[in-house]
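What follows is one structure encoded as structure tokens, with my remarks underneath.
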Amino acid sequence: MLTRIDHIGIACHDLDATVEFYRATYGFEVFHSEVNEEQGVREAMLKINDTSDGGASYLQLLEPTREDSAVGKWLAKNGEGVHHIAFGTADVDGDAADIRDKGVRVLYEEPRRGSMGSRITFLHPKDCHGVLTELVTSAPVESPEH
């Protein structure tokens, strides 16, 4: 089932300034960055460490590219901060179905494309004690892309 904390998503108003804070304060560097038009975000993945299952743990910094995106709406309501937690899994489809069978609402009927070619879905925060929770099946990563 779930194998690791894949990433913690942090919503921010200014991606470049937030990246610089994490670089200058903690020494974290950008491993990958992209714009996800479907999700309406510009993002940077800062790698924290490798994990025993061959994956890694990241901080995902998210800047909305439009006000009507989920992150844009969340930022307008809550301000900057932790937006979600993501758990890694080898089988996002199977684990999402198992969790749905336990009475937790899964927000996407079919997993969608996430960062670095991953497959993702989200669990409703009202069913997860107020925490927006993401399930992630990572794509194989051979080298950093910027």
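In the structure tokens, each chain is lettered A, B, ... as it comes, each chain's residues begin at 1, and ligands are numbered from 1 in order of appearance.
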At a cut-off of 9 Å, using only C-alpha atoms, what residues contact Arg113 of chain A? Leave out same-chain residues fewer than 5 positions from it and give the result as a PyMOL selection string. chain A and resi 36+38+118-121
Please produce, as a tab-separated table, a per-residue contact table for segment 87-125 of chain A versus segment 54-78 of chain A (criterion: any atom at most 12 Å away, only C-alpha atoms considered), showing the nearest atom pair and its distance in Å to one decimal, sorted by chain then residue number.
```
residue	atom	partner	partner_atom	distance
A:Phe87	CA	A:Ser57	CA	9.5
A:Gly88	CA	A:Gly55	CA	8.1
A:Thr89	CA	A:Gly55	CA	9.7
A:Ala90	CA	A:Gly55	CA	10.0
A:Gly114	CA	A:Gln60	CA	11.3
A:Ser115	CA	A:Gln60	CA	9.1
A:Met116	CA	A:Gln60	CA	11.4
A:Ser118	CA	A:Gly55	CA	11.6
A:Phe122	CA	A:Ala70	CA	12.0
```
Saved selection, atoms kept: all heavy atoms, as a compact mmCIF listing (two decimals), in the first residue's frame:
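This is the output file result-v3.txt:
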```txt
# COMPACT_ATOMS: atom_id res chain seq x y z
N PHE A 87 1.22 10.79 -0.24
CA PHE A 87 1.82 9.50 0.07
C PHE A 87 2.14 8.76 -1.22
O PHE A 87 1.32 8.73 -2.13
CB PHE A 87 0.87 8.64 0.93
CG PHE A 87 0.62 9.22 2.29
CD1 PHE A 87 -0.59 9.79 2.60
CD2 PHE A 87 1.61 9.19 3.26
CE1 PHE A 87 -0.83 10.33 3.86
CE2 PHE A 87 1.39 9.73 4.52
CZ PHE A 87 0.17 10.29 4.82
N GLY A 88 3.32 8.15 -1.27
CA GLY A 88 3.72 7.36 -2.42
C GLY A 88 3.13 5.97 -2.36
O GLY A 88 2.97 5.39 -1.28
N THR A 89 2.80 5.44 -3.53
CA THR A 89 2.27 4.10 -3.67
C THR A 89 2.68 3.54 -5.02
O THR A 89 2.82 4.29 -5.99
CB THR A 89 0.72 4.08 -3.55
OG1 THR A 89 0.25 2.76 -3.85
CG2 THR A 89 0.06 5.06 -4.49
N ALA A 90 2.86 2.24 -5.09
CA ALA A 90 3.17 1.59 -6.36
C ALA A 90 1.92 1.47 -7.23
O ALA A 90 2.03 1.25 -8.44
CB ALA A 90 3.78 0.21 -6.11
N GLY A 114 0.47 14.07 -12.73
CA GLY A 114 1.03 14.94 -11.70
C GLY A 114 2.45 15.32 -12.06
O GLY A 114 2.90 15.16 -13.20
N SER A 115 3.19 15.82 -11.10
CA SER A 115 4.57 16.27 -11.29
C SER A 115 5.46 15.14 -11.80
O SER A 115 5.31 13.99 -11.40
CB SER A 115 5.16 16.75 -9.95
OG SER A 115 4.42 17.81 -9.46
N MET A 116 6.38 15.50 -12.65
CA MET A 116 7.41 14.59 -13.15
C MET A 116 6.83 13.33 -13.76
O MET A 116 7.39 12.25 -13.66
CB MET A 116 8.42 14.26 -12.03
CG MET A 116 9.12 15.48 -11.47
SD MET A 116 10.41 15.12 -10.26
CE MET A 116 9.49 14.48 -8.89
N SER A 118 4.13 11.68 -12.89
CA SER A 118 3.47 10.78 -11.94
C SER A 118 1.98 10.66 -12.25
O SER A 118 1.43 11.42 -13.05
CB SER A 118 3.66 11.29 -10.51
OG SER A 118 3.03 12.56 -10.36
N PHE A 122 -6.55 12.65 -5.36
CA PHE A 122 -6.68 13.28 -4.05
C PHE A 122 -7.83 12.67 -3.27
O PHE A 122 -8.81 12.21 -3.85
CB PHE A 122 -6.92 14.79 -4.19
CG PHE A 122 -5.69 15.56 -4.58
CD1 PHE A 122 -5.40 15.78 -5.91
CD2 PHE A 122 -4.84 16.07 -3.61
CE1 PHE A 122 -4.27 16.49 -6.28
CE2 PHE A 122 -3.71 16.79 -3.97
CZ PHE A 122 -3.43 16.99 -5.30
```
Got a sec to tell me which of segment 15-143 of chain A DSSP assigns to alpha helix (DSSP H), as a VMD selection string? chain A and resid 15 to 26 70 to 78 92 to 101
Between A:Ser52, A:Thr18, A:Ala44, A:Ala139, single out the one closest to Asp91 of chain A, counting only C-alpha atoms.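 When distances to Asp91 of chain A are compared using only C-alpha atoms, the smallest one comes from A:Ala139.
The two atoms in question, atom CA of Val41 of chain A and atom CA of Glu134 of chain A, are spaced 15.8 Å apart.
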Can you tell me, as a PyMOL selection string, which residues in chain A count as strand (DSSP E or B) by DSSP? chain A and resi 2-11+30-36+41-50+56-64+81-89+106+112-113+119-123+133-137+145
Store the residues picked out above, limited to C-alpha atoms, as a PDB file, in the first residue's frame.
```pdb
ATOM      1  CA  LEU A   2       1.440   3.406   0.922  1.00  0.00           C
ATOM      2  CA  THR A   3       5.241   3.335   1.062  1.00  0.00           C
ATOM      3  CA  ARG A   4       6.468   6.816   1.994  1.00  0.00           C
ATOM      4  CA  ILE A   5       5.695  10.487   2.305  1.00  0.00           C
ATOM      5  CA  ASP A   6       6.202  11.451  -1.331  1.00  0.00           C
ATOM      6  CA  HIS A   7       5.924  15.187  -0.769  1.00  0.00           C
ATOM      7  CA  ILE A   8       4.389  17.995   1.193  1.00  0.00           C
ATOM      8  CA  GLY A   9       2.718  20.603  -1.000  1.00  0.00           C
ATOM      9  CA  ILE A  10       3.193  24.219   0.026  1.00  0.00           C
ATOM     10  CA  ALA A  11       1.127  26.963  -1.605  1.00  0.00           C
ATOM     11  CA  VAL A  30      15.252  22.525  -7.135  1.00  0.00           C
ATOM     12  CA  PHE A  31      15.235  18.974  -8.473  1.00  0.00           C
ATOM     13  CA  HIS A  32      12.464  19.596 -11.015  1.00  0.00           C
ATOM     14  CA  SER A  33      10.204  22.455 -12.087  1.00  0.00           C
ATOM     15  CA  GLU A  34       7.257  22.635 -14.438  1.00  0.00           C
ATOM     16  CA  VAL A  35       3.978  24.330 -15.247  1.00  0.00           C
ATOM     17  CA  ASN A  36       0.948  22.055 -14.953  1.00  0.00           C
ATOM     18  CA  VAL A  41       0.122  25.803 -11.112  1.00  0.00           C
ATOM     19  CA  ARG A  42       3.776  26.546 -11.592  1.00  0.00           C
ATOM     20  CA  GLU A  43       5.744  24.291  -9.299  1.00  0.00           C
ATOM     21  CA  ALA A  44       9.165  23.366  -8.037  1.00  0.00           C
ATOM     22  CA  MET A  45      10.087  20.039  -6.458  1.00  0.00           C
ATOM     23  CA  LEU A  46      12.862  20.318  -3.857  1.00  0.00           C
ATOM     24  CA  LYS A  47      14.341  16.898  -3.122  1.00  0.00           C
ATOM     25  CA  ILE A  48      14.843  16.184   0.562  1.00  0.00           C
ATOM     26  CA  ASN A  49      16.110  12.604   0.460  1.00  0.00           C
ATOM     27  CA  ASP A  50      15.977   9.249  -1.294  1.00  0.00           C
ATOM     28  CA  ALA A  56      12.262  10.144  -2.838  1.00  0.00           C
ATOM     29  CA  SER A  57      10.683  12.716  -0.542  1.00  0.00           C
ATOM     30  CA  TYR A  58      10.201  16.296  -1.712  1.00  0.00           C
ATOM     31  CA  LEU A  59       8.782  19.665  -0.829  1.00  0.00           C
ATOM     32  CA  GLN A  60       6.476  20.743  -3.650  1.00  0.00           C
ATOM     33  CA  LEU A  61       6.174  24.515  -3.906  1.00  0.00           C
ATOM     34  CA  LEU A  62       3.033  25.611  -5.758  1.00  0.00           C
ATOM     35  CA  GLU A  63       2.276  29.020  -7.250  1.00  0.00           C
ATOM     36  CA  PRO A  64      -1.099  29.352  -9.006  1.00  0.00           C
ATOM     37  CA  GLY A  81       1.335  27.433   3.864  1.00  0.00           C
ATOM     38  CA  VAL A  82       0.936  23.676   3.817  1.00  0.00           C
ATOM     39  CA  HIS A  83      -1.646  22.775   1.176  1.00  0.00           C
ATOM     40  CA  HIS A  84      -1.511  18.963   1.180  1.00  0.00           C
ATOM     41  CA  ILE A  85       0.445  15.843   2.063  1.00  0.00           C
ATOM     42  CA  ALA A  86       1.153  13.161  -0.536  1.00  0.00           C
ATOM     43  CA  PHE A  87       1.819   9.496   0.073  1.00  0.00           C
ATOM     44  CA  GLY A  88       3.723   7.361  -2.420  1.00  0.00           C
ATOM     45  CA  THR A  89       2.265   4.100  -3.667  1.00  0.00           C
ATOM     46  CA  VAL A 106     -11.646  10.072  -3.832  1.00  0.00           C
ATOM     47  CA  ARG A 112      -4.484  12.357 -13.430  1.00  0.00           C
ATOM     48  CA  ARG A 113      -1.023  13.437 -14.513  1.00  0.00           C
ATOM     49  CA  ARG A 119      -0.121   9.541 -11.641  1.00  0.00           C
ATOM     50  CA  ILE A 120      -2.129  11.156  -8.839  1.00  0.00           C
ATOM     51  CA  THR A 121      -5.467  11.415  -7.121  1.00  0.00           C
ATOM     52  CA  PHE A 122      -6.679  13.280  -4.049  1.00  0.00           C
ATOM     53  CA  LEU A 123      -8.746  12.277  -1.033  1.00  0.00           C
ATOM     54  CA  THR A 133      -4.298  13.989   0.939  1.00  0.00           C
ATOM     55  CA  GLU A 134      -2.742  12.995  -2.368  1.00  0.00           C
ATOM     56  CA  LEU A 135      -1.816   9.502  -3.552  1.00  0.00           C
ATOM     57  CA  VAL A 136       1.122   9.362  -5.982  1.00  0.00           C
ATOM     58  CA  THR A 137       2.586   6.689  -8.207  1.00  0.00           C
ATOM     59  CA  GLU A 145      14.702  18.054 -15.429  1.00  0.00           C
TER      60      GLU A 145
END
```
Expressed in Å to a single decimal, how great is the separation between atom CA of Val92 of chain A and atom CA of Pro111 of chain A?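 Calculated distance between atom CA of Val92 of chain A and atom CA of Pro111 of chain A is 7.3 Å.
Rounded to one decimal, atom CA of Gly130 of chain A and atom CA of Gly79 of chain A lie 16.2 Å from each other.
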Choose the residue, out of A:Asp101, A:Gly94, A:Leu132, A:Met1, that has the smallest atom-to-atom separation from Asp53 of chain A; count only C-alpha atoms. A:Met1
